[in-house]
Structures are given as structure tokens and as C-alpha cells.
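K.L.:
The following block contains the structure, expressed as C-alpha cells.
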Amino acid sequence: MHWQALKRALLVGLGFGIGLLGSLGGRAAPTYTLSEVESPYILMVENGQERKQFYHQAFPEIVTKAQYQDDQFWIDLQAQQPEEVDVDNMRQSLEPYLTDPLEIPTGQTLYSFVYQLGVAQGDELPTSEEDMRQALPLDAYNVAWCVSRVAQYQAGTRTFAEIAADYQETLRPSLEEIVQYVALEGVSPELFLAMYDYMFSTEQAFNSLYVTQFYDLYVATYRFDTLSLKQRGELNPTATKKQWEQKMDQPMTTMLKPLGDGTYRLDGLALTIMAFALGEDVDPVPPVNELGQPITVRYQTETGETLAADQTLVGPVGASYQTTPKAFTGYWLSRTAGPATGRFTAQPQTVTYVYTPVTTGGSGDQGVAAKGEVILATKKIGLYRQATFTAKARQQWYQAKARVHQPMFVVTGYARSTQGRLRYQVKDVNHRSRTAGKRGYVTAKTGYVTPTYYHRLAKSITVINPAGINAYRHRNLTGKTAHYRQGQILRVRRVERHNLTTRFVLTNGRYVTANKKLVTSGRVSRPTRVQARGAVNRYADVNLTRRVQHYPAAARARFTVRGYDYSDPHDFTRGSRLRYRVAGSYVTANRQVVRPVK
């Protein structure tokens, strides 16, 4: 849609918008407990049928309370997302919905509920309550118009001249209505409309601006790439607008689906409207004075070898532009020549992304992780503010941890130290640790860091996650079919890639994670029973701080081992000590205190 606020809210990681819970002005209202939240979606109408188009390719359509509480679910999800999407923010935004009841005054409409909640929270809303009700269906109309018309143009069923005429007849009047209901930040309605007029003035401007800046973004954001070109072309803007108008006037309670156990699922359309209504200010639209000279974006090696076709950006003088690098297997981005972001001018500009091959020789840059890939620290490492490591630049030590609790980082870029050593620019994604979200540089040496996911086939794997793992019907780990306990050995048929992660396909055809923190290749055995050599205590926690029972030496206590874990799982200032899980509690695994028995 044309509010930049929603694009930022859902593309940059504000996820489902703001937590919108609590009493409205102290009025008593019925409460509803949520155990599921549907992902935000944009509602479209195709051939008379409603169609939900969900945001983000890798994000599930429904998030349950159990998934919200599952750290590994979010770890795996982060690895599947584009770099700019921060699922930590998504997870935090779900907390109000899945921890506290939702209060809804009886009979209150969807649009009124959302607006009044924003007012009650003191949010500075971009429009009035009635204007919001008018603007949102118009924005939905504009999305449907954009996707359908560009799809028809690309399919060859409409010429550009026909599209431009249709713009004047149908889309522009809709835009004229929008500027009546939405206060555009930093730009007049005249300039806003002039920008659109420019995009439909020539076929070149249409392709270089409207198709790339709106259609391509909508297709990627709302998953329209799951539809065929024919299906996209059959979206009905007028019917879509009418359907939104009807939804906006329905009671907010229609957004709740009873699940049969006294809890509800919140409809994703409500979350979409919340993100629209409570988003940030609209970005200024640059004035349309004249067409600037093009920006040429190149992707090449240090020796001038072309890795991808050049891209050409076109826009009015003064309009801002932003270029982005690409990822190429076997190369890492070493430098950028030219302004990656800036404004169109009367002079042509060139931006060159320069890549260096990943070497396998003396430099030691073997097995370099791709940008966006998650890595594990297998030994003690430091996180530094700069690529040249010094004690002053060090932000944090990460102690060596047991496999299941090794610290994880997402690779966001690359750099070289003054000595030429390769470094990973990373973000800490250990969501339950005090270091979560930290950014900096770590070594890229394979003796210290490794990809989080297996890339090679293992004939068998052993589950090492204390909580076990699930098996699924689909590669994106949906359609749960089974649960495997820690210690179970599974036979593997093949390994498949899923975005920047991998999955093991079992001999029964089901998919399981290939995360090295959850499974390990081969067979791993642990004692099934242990006996105390002397006095021993049993504790309620893995750190052995809350004692629940003492066994004197004379008792020669025996325990059935039901699993194992390690101390201080989320504290990277400490190492790991093995513990045995017994009857809902823990005992030490120190061989001087207990010994394995049959």
C-alpha cells in the first residue's frame, strides 16, 4: 500500500505492529484469551473470491502460543528471513497478544477499535478515525490495481498506452481521494500526484519506477509471486475496495476465531490495519522537476569480471535512490565504489560492488559463510567493534560452550583487518542471552566458527536438543507429524536446502532440522542409569542451585537418566558443565560423584 509506514513496519521488522492491549479509558469490556495469531495479510478479491496474501515468504501463516515460547522456532525463522527483517521485534510484538487477554467493547467496529486503542495509548495517529476508515480500502484498491495492471502488461494482454489511459480514468481519482484523508509528511498533494503522473508519462518511467518501486515490492511483500501472472491479472480492485469497506464496519469480535478450548485466534487483517493505522510518518515524496541522469549499478570482481547484469535506476532530479549488493557463491563483497545511496542529479552516476573470490589457500578463508547465514562459535571467541582486533575494541568474550548451547551469529557482512585477515560482521542472535542484538566483528577462521546447519548428507543423526525435535511434512517445517526425544537416532535419506538453512529428509520422507545445535551426525550414546559414589544431591534446575533432595553416601543412590543438559545455557561468560536429567530434576554428571551402571 502507499503508506510507507506499513512497508517499514512489516519489512524492517516491526512485525505485527504495536501491542494493542489494555482497557479503553477504564470502561469494562469482555476479554478474549488468544492462543494463536494469524500473520498479517492484505485482503484481495480475485474472480469474486476472497484471497489472503500474507507478508514474508518464510514467515508462517499462523503463530501459536507454543511457537511464540519456543526459542528454536525463532532461531530457525531468523535464518530464513532477509537481513533487514528482525524476528526478535516480531516476537516481542506478539507478547501482548499471547500473554494477556484482549479487551473488546461490545459491538465496536474493527476500524473504531484500532483507532481508539491508538488514542488510548497516546499514539500520534496520522489521520482521523473516519478518514482512516476511508483511506484503508482505497489503499487496498491501489495495491490490487497495481498488481493486476502490471501483470496484464507483462502478460501482453494490455499495452502501456492502455495502462496509462486506465490510470487516468481509475487509479488517479483514487489517489486524489487518498490525499483528502491522509496527511502526507513533507509533501503537498500536488507533488504526490505529480510523482504518479510522471511514472505513467512514458513507458520507460513506468518500467523503471512504478514496476520496480511498487509492483516488485508488492509481489515480494504480499507473496503475490505464489500466484500465476494470469491470477495476478484477475485481481479486482473495485471488489477489493468494497470488501475492505465491509470488513472495516464489522464488529472487532469477527476478527476472533473460537478454537474450541475457550481461546481464540486473532485474524491477521486486524494486525495489518493496526500496522497501517499506528505506523510511522509517511516519507516525503520528492518533487518532480525533471528526469535525472541514470544510476548504473555494477557487480564485478577486482579484475573487472561481471558477476551479474548491470542495473539502471531512473528517477527525477532530487529523488533519493538506494542500491543494494547481491550475494554470489564463492565471493565476498570486499568494497563499494561510488555512492550506494543518494539522489538523482543532472549527471550520470555509477555504483560498483566489487567482490573478491573466496580462497582455499594460504589466507585460510575456507568455507566462508554467506551473507545472512547463521554461524556457531565452537571455541572461545571475542566480539569486536572493528575488524582489527584489540583488547580496547573487544565488546564481549564468548566462552566455549557445549554443542547445544554454542553462541550463534548472523553474518551481515565482511571486512579485513589491517593485516588482511577476514572477519565476519555479525549480529548476536542468542535471543535469551544478555548479549542478544549486539553487533560487531568476529573471526572467520573455521577452527573457531562453523555454519549452524549441516550442508552434507549424514546417513544417520542423533537428536541432542534437550527438548527434542519435530518432524514435518513440508520443507518449511510445517505440518508436524512426529516428535523425537533427545537421544533418538534417525536414518537420513538426503539433505535439502531451504533458503539459507538446510533440512534432513528422513527415510520416511519427513523433514527435520539440520541445525547442529539440535542434531548431530552419527550416533551419540549416554548412560541410561548412574549410581552415586558417595553423597549426592538432586536439584530442580540445571545450574544445581535449588536442591530438592539429599542422598547420603550410604544410600548409594541410583538414578534413571532421562536426558542431559548443560549449565548456564544462556550465559556466555561461563562455560558448560554436563548434567543428567532425572525424574524432572537434575544431578551432576561429574564422574567423581556418579558413575554409569547397567
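Identifiers in the C-alpha cells: chain A, B, ... in order shown; residue index from 1 per chain; ligand index from 1 in order shown.
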Each residue of stretch 125-199 of chain A lying at most 10 Å from stretch 29-47 of chain A should get a row with its shortest atom-to-atom pair and the distance in Å to one decimal, counting only C-alpha atoms; could you produce that, ordered by chain and increasing number, as a tab-separated table?
P.N.:
```
residue	atom	partner	partner_atom	distance
A:Pro137	CA	A:Leu43	CA	9.9
A:Ala140	CA	A:Ile42	CA	7.5
A:Tyr141	CA	A:Met44	CA	8.7
A:Val143	CA	A:Met44	CA	8.8
A:Ala144	CA	A:Met44	CA	6.9
A:Ser148	CA	A:Glu46	CA	9.9
```
K.L.:
Env of A:Glu177: 9 Å cut, atoms = only C-alpha atoms, seq-sep filter 5 positions within chain, self excluded. Answer as a count of residues only.
P.N.:
4
K.L.:
Could you work out how far atom CA of A:Lys326 lies from atom CA of A:Val147, giving the answer in Å with one decimal?
P.N.:
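These atoms are spaced 25.3 Å apart.
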K.L.:
Fewer than 5 positions away in the same chain doesn't count, so skip those; otherwise give me all residues within 8 Å of A:Leu256, counting only C-alpha atoms, as a PyMOL selection string.
P.N.:
chain A and resi 264-267
K.L.:
Given only C-alpha atoms as the basis, pick out the residue of A:Val561, A:Val410, A:Ala589, A:Leu518 nearest to A:Ala370.
P.N.:
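Checking each candidate against A:Ala370, we get A:Val410 as the closest.
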